[in-house]
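Shown below: final.csv, with CSV, C-alpha atoms and all ligand atoms.
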chain,number,residue,atom,x,y,z
A,1,MET,CA,44.4,168.2,25.2
A,2,SER,CA,43.8,164.5,26.0
A,3,LYS,CA,43.7,161.8,23.4
A,4,ILE,CA,41.6,158.6,23.4
A,5,VAL,CA,43.5,155.9,21.6
A,6,ALA,CA,41.7,152.6,20.9
A,7,ILE,CA,43.5,149.4,19.9
A,8,THR,CA,41.6,146.8,17.9
A,9,SER,CA,42.0,144.0,15.4
A,10,GLY,CA,39.8,141.7,13.3
A,11,LYS,CA,41.4,138.5,14.6
A,12,GLY,CA,42.1,137.5,18.2
A,13,GLY,CA,45.5,137.1,19.6
A,14,THR,CA,47.3,139.6,17.4
A,15,GLY,CA,48.7,141.4,20.5
A,16,LYS,CA,46.2,144.1,21.3
A,17,SER,CA,46.5,143.8,25.1
A,18,SER,CA,50.3,143.5,25.0
A,19,ILE,CA,50.4,146.6,22.9
A,20,CYS,CA,48.1,148.5,25.3
A,21,SER,CA,50.2,147.6,28.3
A,22,GLU,CA,53.6,148.4,26.6
A,23,LEU,CA,52.3,151.6,25.1
A,24,GLY,CA,51.0,152.5,28.5
A,25,PHE,CA,54.3,151.9,30.1
A,26,SER,CA,56.1,153.9,27.4
A,27,LEU,CA,53.8,156.9,27.5
A,28,ALA,CA,53.8,157.0,31.3
A,29,LYS,CA,57.6,156.8,31.3
A,30,GLN,CA,57.6,159.9,29.2
A,31,GLY,CA,55.8,161.7,32.0
A,32,LEU,CA,52.3,161.5,30.4
A,33,ARG,CA,49.4,160.6,32.7
A,34,THR,CA,47.9,157.6,31.0
A,35,LEU,CA,44.8,155.5,31.8
A,36,ILE,CA,44.1,152.1,30.2
A,37,ILE,CA,40.5,151.0,30.0
A,38,GLU,CA,40.0,147.3,29.3
A,39,LEU,CA,36.9,146.5,27.3
A,40,ASP,CA,37.5,142.8,26.8
A,41,PHE,CA,34.6,141.7,29.0
A,42,GLY,CA,35.1,138.5,31.0
A,43,LEU,CA,38.6,138.0,29.5
A,44,ARG,CA,40.6,140.3,31.7
A,45,CYS,CA,44.3,140.1,31.3
A,46,LEU,CA,45.8,143.6,31.8
A,47,ASP,CA,45.8,143.2,35.6
A,48,ILE,CA,48.4,140.5,35.0
A,49,MET,CA,50.3,142.3,32.2
A,50,LEU,CA,50.6,145.4,34.4
A,51,GLY,CA,51.5,143.6,37.6
A,52,VAL,CA,48.4,144.7,39.6
A,53,LYS,CA,46.3,141.5,39.8
A,54,ASP,CA,46.3,141.5,43.6
A,55,ASN,CA,45.5,145.2,43.8
A,56,VAL,CA,42.3,145.4,41.8
A,57,LYS,CA,39.3,145.8,44.1
A,58,TYR,CA,36.8,147.4,41.8
A,59,ASP,CA,36.5,147.2,38.0
A,60,LEU,CA,34.4,148.4,35.1
A,61,GLY,CA,31.7,145.8,36.1
A,62,HIS,CA,31.1,147.6,39.4
A,63,VAL,CA,30.8,150.9,37.6
A,64,LEU,CA,28.3,149.6,35.0
A,65,ARG,CA,26.2,148.1,37.9
A,66,GLY,CA,26.3,151.4,39.7
A,67,GLU,CA,28.2,150.0,42.6
A,68,CYS,CA,31.1,152.5,42.5
A,69,ASP,CA,32.3,155.4,40.4
A,70,ILE,CA,35.1,155.3,37.8
A,71,THR,CA,37.6,156.9,40.2
A,72,LYS,CA,37.1,154.1,42.7
A,73,ALA,CA,37.5,151.5,39.9
A,74,THR,CA,40.8,152.9,38.8
A,75,THR,CA,43.9,151.0,40.0
A,76,ASN,CA,47.3,152.7,40.3
A,77,VAL,CA,50.1,150.7,38.5
A,78,GLU,CA,52.6,151.0,41.3
A,79,ILE,CA,55.7,150.2,39.3
A,80,ALA,CA,54.9,152.9,36.7
A,81,ARG,CA,54.3,156.5,37.9
A,82,ASN,CA,51.6,158.1,35.8
A,83,LEU,CA,50.0,154.8,34.7
A,84,PHE,CA,46.5,153.7,35.7
A,85,ILE,CA,44.1,150.9,34.7
A,86,VAL,CA,40.4,150.3,34.8
A,87,CYS,CA,40.1,146.5,34.5
A,88,ALA,CA,37.4,144.7,32.5
A,89,PRO,CA,34.4,143.2,34.3
A,90,GLU,CA,35.0,139.6,35.4
A,91,ASP,CA,31.6,138.6,34.1
A,92,PRO,CA,31.9,137.5,30.4
A,93,PHE,CA,28.2,138.4,29.9
A,94,ALA,CA,28.3,141.8,31.5
A,95,LYS,CA,26.4,144.2,29.3
A,96,VAL,CA,28.7,146.6,27.4
A,97,ASP,CA,26.8,149.9,27.6
A,98,ALA,CA,28.5,152.0,24.9
A,99,GLU,CA,27.0,155.3,26.1
A,100,THR,CA,28.2,154.8,29.6
A,101,ILE,CA,31.7,153.9,28.5
A,102,LYS,CA,31.8,156.9,26.1
A,103,ASN,CA,30.8,159.2,28.9
A,104,ILE,CA,33.5,157.7,31.2
A,105,CYS,CA,36.1,158.3,28.5
A,106,SER,CA,35.1,161.9,28.0
A,107,GLU,CA,34.9,162.5,31.8
A,108,MET,CA,38.4,161.0,32.2
A,109,ARG,CA,39.9,163.4,29.6
A,110,LYS,CA,40.1,166.0,32.4
A,111,TYR,CA,42.5,163.9,34.4
A,112,TYR,CA,44.6,162.0,31.8
A,113,GLU,CA,46.7,163.0,28.8
A,114,TYR,CA,46.2,159.6,27.1
A,115,ILE,CA,43.3,157.2,27.5
A,116,ILE,CA,44.1,153.8,25.9
A,117,VAL,CA,41.2,151.5,25.2
A,118,ASP,CA,41.8,147.8,24.9
A,119,THR,CA,39.2,145.8,23.0
A,120,SER,CA,38.1,142.3,22.1
A,121,ALA,CA,38.8,141.2,18.6
A,122,GLY,CA,36.1,141.6,15.9
A,123,THR,CA,32.9,143.4,15.6
A,124,ASN,CA,31.1,143.5,18.9
A,125,ALA,CA,28.7,146.3,18.2
A,126,SER,CA,29.0,148.1,21.5
A,127,VAL,CA,32.7,148.0,21.6
A,128,PHE,CA,32.7,149.2,17.9
A,129,ASP,CA,30.6,152.2,19.0
A,130,VAL,CA,33.2,153.1,21.6
A,131,VAL,CA,36.2,152.6,19.3
A,132,GLU,CA,34.7,154.5,16.3
A,133,GLN,CA,34.6,157.7,18.4
A,134,SER,CA,38.2,157.6,19.5
A,135,ASP,CA,40.7,160.2,18.5
A,136,LEU,CA,42.9,157.5,17.1
A,137,ILE,CA,42.2,153.9,16.2
A,138,LEU,CA,45.2,151.6,16.1
A,139,ILE,CA,44.4,148.7,13.8
A,140,ASN,CA,46.6,145.8,14.8
A,141,THR,CA,47.5,142.9,12.6
A,142,THR,CA,50.2,140.3,12.3
A,143,PRO,CA,51.7,139.6,8.9
A,144,ASP,CA,49.4,136.5,8.4
A,145,PRO,CA,47.0,136.6,5.4
A,146,VAL,CA,43.9,135.9,7.6
A,147,CYS,CA,44.8,138.6,10.1
A,148,ILE,CA,45.5,141.1,7.3
A,149,ARG,CA,42.1,140.5,5.7
A,150,ASP,CA,40.3,140.8,9.0
A,151,ALA,CA,42.2,144.0,9.7
A,152,ARG,CA,41.0,145.4,6.4
A,153,THR,CA,37.4,144.4,7.2
A,154,MET,CA,37.6,146.3,10.5
A,155,SER,CA,39.2,149.3,9.0
A,156,ASP,CA,36.7,149.6,6.1
A,157,GLU,CA,33.9,149.6,8.6
A,158,PHE,CA,35.5,152.4,10.6
A,159,TYR,CA,36.0,154.4,7.5
A,160,LYS,CA,32.4,153.8,6.5
A,161,ARG,CA,31.3,155.1,9.8
A,162,GLY,CA,33.4,158.2,9.3
A,163,ASN,CA,36.5,157.6,11.4
A,164,GLN,CA,39.5,158.7,9.3
A,165,LYS,CA,42.0,158.7,12.1
A,166,GLN,CA,43.3,155.2,11.8
A,167,ARG,CA,46.9,153.9,11.9
A,168,LEU,CA,48.2,150.4,11.4
A,169,ILE,CA,50.5,148.5,13.8
A,170,ILE,CA,52.1,145.3,12.3
A,171,ASN,CA,53.0,143.0,15.2
A,172,LYS,CA,55.0,139.8,15.6
A,173,VAL,CA,57.2,140.6,12.6
A,174,ASN,CA,60.1,138.2,12.1
A,175,PRO,CA,63.1,139.9,13.9
A,176,GLU,CA,65.4,139.2,11.1
A,177,LEU,CA,63.2,141.2,8.7
A,178,PHE,CA,63.1,143.9,11.3
A,179,GLN,CA,66.8,144.1,11.8
A,180,ALA,CA,67.5,143.9,8.1
A,181,ASP,CA,65.3,147.0,7.6
A,182,LEU,CA,63.2,145.1,5.0
A,183,VAL,CA,60.3,147.5,5.2
A,184,GLY,CA,59.5,146.9,1.6
A,185,ASP,CA,58.3,143.4,2.5
A,186,LEU,CA,55.7,144.9,4.7
A,187,ASP,CA,54.4,147.2,1.9
A,188,GLU,CA,51.9,144.5,0.8
A,189,VAL,CA,50.5,144.3,4.3
A,190,ILE,CA,50.0,148.1,4.4
A,191,ASP,CA,48.5,148.2,0.9
A,192,THR,CA,46.1,145.3,1.7
A,193,VAL,CA,44.9,146.8,4.9
A,194,GLY,CA,44.8,150.3,3.4
A,195,VAL,CA,45.8,152.2,6.5
A,196,GLN,CA,48.9,154.3,7.1
A,197,LEU,CA,51.6,152.5,9.1
A,198,ILE,CA,52.5,153.9,12.6
A,199,GLY,CA,54.8,151.1,13.7
A,200,VAL,CA,56.2,147.6,13.3
A,201,ILE,CA,56.8,145.4,16.4
A,202,PRO,CA,59.2,142.4,16.1
A,203,ASP,CA,58.2,139.0,17.3
A,204,ASP,CA,60.2,139.2,20.5
A,205,ASP,CA,60.1,136.8,23.5
A,206,ALA,CA,60.8,139.9,25.7
A,207,VAL,CA,57.1,140.8,25.1
A,208,LYS,CA,55.9,137.4,26.3
A,209,ILE,CA,58.2,137.6,29.4
A,210,ALA,CA,57.4,141.2,30.3
A,211,THR,CA,53.6,140.7,30.0
A,212,SER,CA,53.7,137.4,32.0
A,213,LYS,CA,55.7,139.0,34.8
A,214,GLY,CA,53.7,142.2,34.7
A,215,GLU,CA,56.7,144.4,34.1
A,216,PRO,CA,57.8,146.9,31.4
A,217,LEU,CA,60.0,145.7,28.6
A,218,PRO,CA,63.8,145.9,29.2
A,219,SER,CA,65.2,148.9,27.4
A,220,SER,CA,67.7,146.7,25.6
A,221,SER,CA,65.0,144.7,23.8
A,222,LEU,CA,64.0,145.2,20.1
A,223,ALA,CA,60.4,145.5,21.1
A,224,PHE,CA,61.1,148.3,23.6
A,225,LYS,CA,62.5,150.4,20.8
A,226,ALA,CA,59.5,149.7,18.6
A,227,PHE,CA,57.1,150.8,21.4
A,228,ASP,CA,59.2,153.8,22.2
A,229,ALA,CA,59.0,154.9,18.5
A,230,ILE,CA,55.2,154.3,18.3
A,231,SER,CA,54.5,156.2,21.5
A,232,LYS,CA,56.4,159.2,20.1
A,233,ARG,CA,54.6,159.0,16.7
A,234,ILE,CA,51.3,159.0,18.6
A,235,GLN,CA,52.4,162.3,20.2
A,236,GLY,CA,53.1,163.7,16.7
A,237,GLU,CA,56.9,163.3,16.7
A,238,ASP,CA,58.5,162.6,13.5
A,239,VAL,CA,60.3,159.3,14.2
A,240,PRO,CA,61.6,157.6,11.0
A,241,LEU,CA,60.1,154.2,10.3
A,242,SER,CA,63.5,152.9,9.5
A,243,PHE,CA,64.4,150.2,12.0
A,244,LYS,CA,68.1,150.7,11.5
A,245,VAL,CA,67.7,154.2,12.8
A,246,MET,CA,65.8,152.9,15.8
A,247,LEU,CA,68.4,150.3,16.5
A,248,LYS,CA,71.3,152.8,16.8
B,1,LIG,N1,55.6,141.3,19.6
B,1,LIG,C1,55.4,140.1,20.2
B,1,LIG,N2,56.3,139.2,20.3
B,1,LIG,C2,56.1,138.0,20.8
B,1,LIG,N3,54.9,137.6,21.4
B,1,LIG,C3,53.9,138.5,21.4
B,1,LIG,C4,54.1,139.8,20.8
B,1,LIG,N4,52.9,140.4,20.9
B,1,LIG,C5,52.1,139.6,21.6
B,1,LIG,N5,52.7,138.4,21.8
B,1,LIG,C6,52.1,137.2,22.4
B,1,LIG,O1,50.9,136.9,21.7
B,1,LIG,C7,49.9,136.3,22.6
B,1,LIG,C8,48.6,137.1,22.4
B,1,LIG,O2,48.9,138.5,22.8
B,1,LIG,P1,47.7,139.4,23.4
B,1,LIG,O3,47.0,138.7,24.5
B,1,LIG,O4,48.3,140.7,23.7
B,1,LIG,O5,46.8,139.5,22.1
B,1,LIG,P2,45.3,140.0,22.0
B,1,LIG,O6,45.2,140.6,20.6
B,1,LIG,O7,45.0,141.0,23.1
B,1,LIG,O8,44.4,138.7,22.2
B,1,LIG,P3,42.8,138.7,22.4
B,1,LIG,O9,42.2,138.9,21.0
B,1,LIG,O10,42.5,137.3,22.9
B,1,LIG,O11,42.4,139.8,23.3
B,1,LIG,C9,50.5,136.4,24.0
B,1,LIG,O12,51.0,135.2,24.3
B,1,LIG,C10,51.6,137.5,23.9
B,1,LIG,O13,52.7,137.3,24.8
B,2,MG,MG,43.4,141.1,24.5

Take the structure in the file and give it back as structure tokens.
Amino acid sequence: MSKIVAITSGKGGTGKSSICSELGFSLAKQGLRTLIIELDFGLRCLDIMLGVKDNVKYDLGHVLRGECDITKATTNVEIARNLFIVCAPEDPFAKVDAETIKNICSEMRKYYEYIIVDTSAGTNASVFDVVEQSDLILINTTPDPVCIRDARTMSDEFYKRGNQKQRLIINKVNPELFQADLVGDLDEVIDTVGVQLIGVIPDDDAVKIATSKGEPLPSSSLAFKAFDAISKRIQGEDVPLSFKVMLK
């Protein structure tokens, strides 16, 4: 059974695309055929984050204009067996046709175990339509009050539209808090957003470096361990949320 996982946030810059690429690397490394579909129209970045910027010949824009099919618009991430990407259109004004994208996602279920959908921040109606029908919505926030409130707004809207399968990722958490296992300090974030936590990612320069170089995170980094745990929880594994356990 394939699973469509959408990553979204209320506020921009919370780390959605970094999470998509690192989750993609993590799932693919575990032998799972994974496709990332980038829906941030005109603001493509995953080609850089996944190290394929010189290999992308066709993208979602070509598919939406009827110039090629989705298979042709799929780029193989050479450094990661099992990982593939459909890049966003380069045109910031390309029309997001939610029906077409939903059809692409369901067609791709035959070929991939995980389809990860990266989105723009906020409530673009068409992107919302795609996300709300995912098997799992990962609401992403940082521990800042504005981000938290915006995450709540997004999550409430998905609940209103009937999607109950939401999980929260808190990104860019102070690494000292992370290492000290101070989960309690994050309880307020979880309560305010009102979504069950699936993972906490430390603020870690390794993320900036890896996504800039287009490489997976080094396995020694704190962030790698966080992504490894999240990717296992997505598969239903019972990985404790205690960071101390993860750091062993
Ligand atoms: N855990 C982290 N630790 C350190 N830096 C991070 C982390 N996660 C993301 N970043 C940095 O935050 C910035 C924004 O990340 P990213 O582009 O992934 O966010 P986004 O939510 O996709 O943004 P947008 O809303 O514009 O699409 C980047 O510089 C990235 O390297
Ligand atoms: Mg992004």

Problem - Close residues, region 220-234 of chain A itself excluded, 10 Å, all atoms listed in the file, min 5 positions apart in chain, as an MDAnalysis selection string - result: chainID A and resid 3 5 19 22:30 114 136 138 167 169 171:172 175 178:179 198:207 239:241 243 246:248

Can you list every residue of chain A that has an atom at most 6 Å from ligand MG 2 (chain B), with its nearest atom pair and the distance in Å to one decimal, using all atoms listed in the file, ordered by chain then number, as CSV?
residue,atom,partner,partner_atom,distance
A:Lys16,CA,B:MG2,MG,5.2
A:Ser17,CA,B:MG2,MG,4.2
A:Ser120,CA,B:MG2,MG,5.9

Handout entry: Within 8 Å of region 74-76 of chain A using all atoms listed in the file, minus same-chain residues under 4 positions, as a VMD selection string
Key = chain A and resid 52 55 to 56 58 to 59 70 83 to 87

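If you measure from each of A:Val77, A:Ile37, A:Ala210, A:Ala151 to ligand LIG 1 (chain B) using only C-alpha atoms and all ligand atoms, the closest one turns out to be A:Ala210.
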
Handout entry: Top pick for closest residue to Asp69 (chain A), considering A:Val189, A:Val117, A:Ile104, A:Val173 and counting all atoms listed in the file
Key =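 Going through A:Val189, A:Val117, A:Ile104, A:Val173 one by one, the smallest distance to Asp69 (chain A) is for A:Ile104.
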
Handout entry: CA of Ser155 (chain A) to CA of Pro143 (chain A), straight-line distance in Å
Key =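 Between CA of Pro143 (chain A) and CA of Ser155 (chain A) the gap is 15.8 Å.
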
Handout entry: Closest of A:Pro216, A:Pro145, A:Gly236, A:Gly162 to Met49 (chain A) - atom-to-atom distances counting all atoms listed in the file
Key = A:Pro216

Exercise for the section: List every protein, DNA or RNA residue that has at least one atom no more than 12 Å from (27.2, 154.7, 28.4) in the file's coordinates, counting all atoms listed in the file, and write the result as a PyMOL selection string. Expected result: chain A and resi 60+63-66+95-107+126-127+129-130

Please write the residues from the selection above to a file, keeping C-alpha atoms, as a short mmCIF file (atom, residue, chain, number, x, y, z; two decimals), keeping the file's coordinate frame.
data_model
loop_
_atom_site.label_atom_id
_atom_site.label_comp_id
_atom_site.auth_asym_id
_atom_site.auth_seq_id
_atom_site.Cartn_x
_atom_site.Cartn_y
_atom_site.Cartn_z
CA LEU A 60 34.40 148.40 35.10
CA VAL A 63 30.80 150.90 37.60
CA LEU A 64 28.30 149.60 35.00
CA ARG A 65 26.20 148.10 37.90
CA GLY A 66 26.30 151.40 39.70
CA LYS A 95 26.40 144.20 29.30
CA VAL A 96 28.70 146.60 27.40
CA ASP A 97 26.80 149.90 27.60
CA ALA A 98 28.50 152.00 24.90
CA GLU A 99 27.00 155.30 26.10
CA THR A 100 28.20 154.80 29.60
CA ILE A 101 31.70 153.90 28.50
CA LYS A 102 31.80 156.90 26.10
CA ASN A 103 30.80 159.20 28.90
CA ILE A 104 33.50 157.70 31.20
CA CYS A 105 36.10 158.30 28.50
CA SER A 106 35.10 161.90 28.00
CA GLU A 107 34.90 162.50 31.80
CA SER A 126 29.00 148.10 21.50
CA VAL A 127 32.70 148.00 21.60
CA ASP A 129 30.60 152.20 19.00
CA VAL A 130 33.20 153.10 21.60
#

Problem - Of the listed residues A:Thr34, A:Thr192, A:Ser212, A:Thr123, that which approaches ligand LIG 1 (chain B) most closely, counting only C-alpha atoms and all ligand atoms - result: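 For ligand LIG 1 (chain B), the nearest of the candidates is A:Ser212.
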
Practice task
Considering only C-alpha atoms and all ligand atoms, state which residue in the set A:Gly122, A:Pro218, A:Pro89, A:Gly31 is at the smallest distance from ligand LIG 1 (chain B).
Solution key: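 Among the listed residues, A:Gly122 lies closest to ligand LIG 1 (chain B).
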
Practice task
Could you check which of A:Glu176, A:Asp150, A:Asp40, A:Glu188 is closest to Glu90 (chain A), using all atoms listed in the file?
Solution key: A:Asp40

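The two atoms in question, CA of Leu168 (chain A) and atom O1 of ligand LIG 1 (chain B), are spaced 17.2 Å apart.
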
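Picture a line from CA of Val146 (chain A) to CA of Asp185 (chain A); it runs 17.0 Å.
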
Handout entry: Protein/DNA/RNA residues near (41.8, 168.8, 29.0), cut 9 Å, all atoms listed in the file, as a ChimeraX atom specification
Key = /A:1-2,109-113

Might you pull out every residue within 10 Å of region 157-159 of chain A, with all atoms listed in the file counted and same-chain residues fewer than 6 positions away left off, and present them as a PDB file with C-alpha atoms, in the coordinates of the input?
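What follows is the written file selection.pdb:
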ATOM      1  CA  THR A 123      32.900 143.400  15.600  1.00  0.00           C
ATOM      2  CA  PHE A 128      32.700 149.200  17.900  1.00  0.00           C
ATOM      3  CA  ASP A 129      30.600 152.200  19.000  1.00  0.00           C
ATOM      4  CA  VAL A 131      36.200 152.600  19.300  1.00  0.00           C
ATOM      5  CA  GLU A 132      34.700 154.500  16.300  1.00  0.00           C
ATOM      6  CA  GLN A 133      34.600 157.700  18.400  1.00  0.00           C
ATOM      7  CA  ILE A 137      42.200 153.900  16.200  1.00  0.00           C
ATOM      8  CA  LYS A 165      42.000 158.700  12.100  1.00  0.00           C
ATOM      9  CA  GLN A 166      43.300 155.200  11.800  1.00  0.00           C
TER      10      GLN A 166
END

Handout entry: Residues within 7 Å of Ile116 (chain A), only C-alpha atoms, excluding chain neighbours under 5 positions, as a list in words
Key =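 Non-adjacent residues within range: Ile4, Val5, Ala6, Cys20, Leu35, Ile36 and Ile37 of chain A.
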
Got a sec to write region 216-229 of chain A of the block to a file, N, CA and C atoms, as a PDB file, in the first residue's frame?
ATOM      1  N   PRO A 216      22.556  13.909   1.326  1.00  0.00           N
ATOM      2  CA  PRO A 216      21.864  13.497   2.552  1.00  0.00           C
ATOM      3  C   PRO A 216      22.641  13.965   3.786  1.00  0.00           C
ATOM      4  N   LEU A 217      21.974  14.031   4.919  1.00  0.00           N
ATOM      5  CA  LEU A 217      22.635  14.433   6.167  1.00  0.00           C
ATOM      6  C   LEU A 217      23.677  13.393   6.582  1.00  0.00           C
ATOM      7  N   PRO A 218      24.769  13.826   7.201  1.00  0.00           N
ATOM      8  CA  PRO A 218      25.697  12.823   7.740  1.00  0.00           C
ATOM      9  C   PRO A 218      25.047  12.062   8.895  1.00  0.00           C
ATOM     10  N   SER A 219      25.307  10.764   8.975  1.00  0.00           N
ATOM     11  CA  SER A 219      24.606   9.940   9.975  1.00  0.00           C
ATOM     12  C   SER A 219      25.011  10.301  11.406  1.00  0.00           C
ATOM     13  N   SER A 220      26.112  11.061  11.535  1.00  0.00           N
ATOM     14  CA  SER A 220      26.543  11.462  12.880  1.00  0.00           C
ATOM     15  C   SER A 220      25.762  12.678  13.390  1.00  0.00           C
ATOM     16  N   SER A 221      25.004  13.335  12.526  1.00  0.00           N
ATOM     17  CA  SER A 221      24.355  14.592  12.956  1.00  0.00           C
ATOM     18  C   SER A 221      23.094  14.316  13.775  1.00  0.00           C
ATOM     19  N   LEU A 222      22.792  15.273  14.655  1.00  0.00           N
ATOM     20  CA  LEU A 222      21.570  15.182  15.468  1.00  0.00           C
ATOM     21  C   LEU A 222      20.336  15.138  14.567  1.00  0.00           C
ATOM     22  N   ALA A 223      20.356  15.982  13.534  1.00  0.00           N
ATOM     23  CA  ALA A 223      19.185  16.058  12.653  1.00  0.00           C
ATOM     24  C   ALA A 223      18.946  14.728  11.939  1.00  0.00           C
ATOM     25  N   PHE A 224      20.027  14.035  11.555  1.00  0.00           N
ATOM     26  CA  PHE A 224      19.863  12.731  10.883  1.00  0.00           C
ATOM     27  C   PHE A 224      19.041  11.796  11.762  1.00  0.00           C
ATOM     28  N   LYS A 225      19.380  11.779  13.053  1.00  0.00           N
ATOM     29  CA  LYS A 225      18.689  10.859  13.982  1.00  0.00           C
ATOM     30  C   LYS A 225      17.215  11.232  14.100  1.00  0.00           C
ATOM     31  N   ALA A 226      16.960  12.538  14.075  1.00  0.00           N
ATOM     32  CA  ALA A 226      15.561  12.985  14.161  1.00  0.00           C
ATOM     33  C   ALA A 226      14.783  12.530  12.929  1.00  0.00           C
ATOM     34  N   PHE A 227      15.379  12.691  11.747  1.00  0.00           N
ATOM     35  CA  PHE A 227      14.684  12.286  10.514  1.00  0.00           C
ATOM     36  C   PHE A 227      14.515  10.765  10.440  1.00  0.00           C
ATOM     37  N   ASP A 228      15.531  10.060  10.917  1.00  0.00           N
ATOM     38  CA  ASP A 228      15.443   8.593  10.914  1.00  0.00           C
ATOM     39  C   ASP A 228      14.242   8.147  11.771  1.00  0.00           C
ATOM     40  N   ALA A 229      14.104   8.787  12.940  1.00  0.00           N
ATOM     41  CA  ALA A 229      12.993   8.428  13.841  1.00  0.00           C
ATOM     42  C   ALA A 229      11.645   8.787  13.201  1.00  0.00           C
TER      43      ALA A 229
END
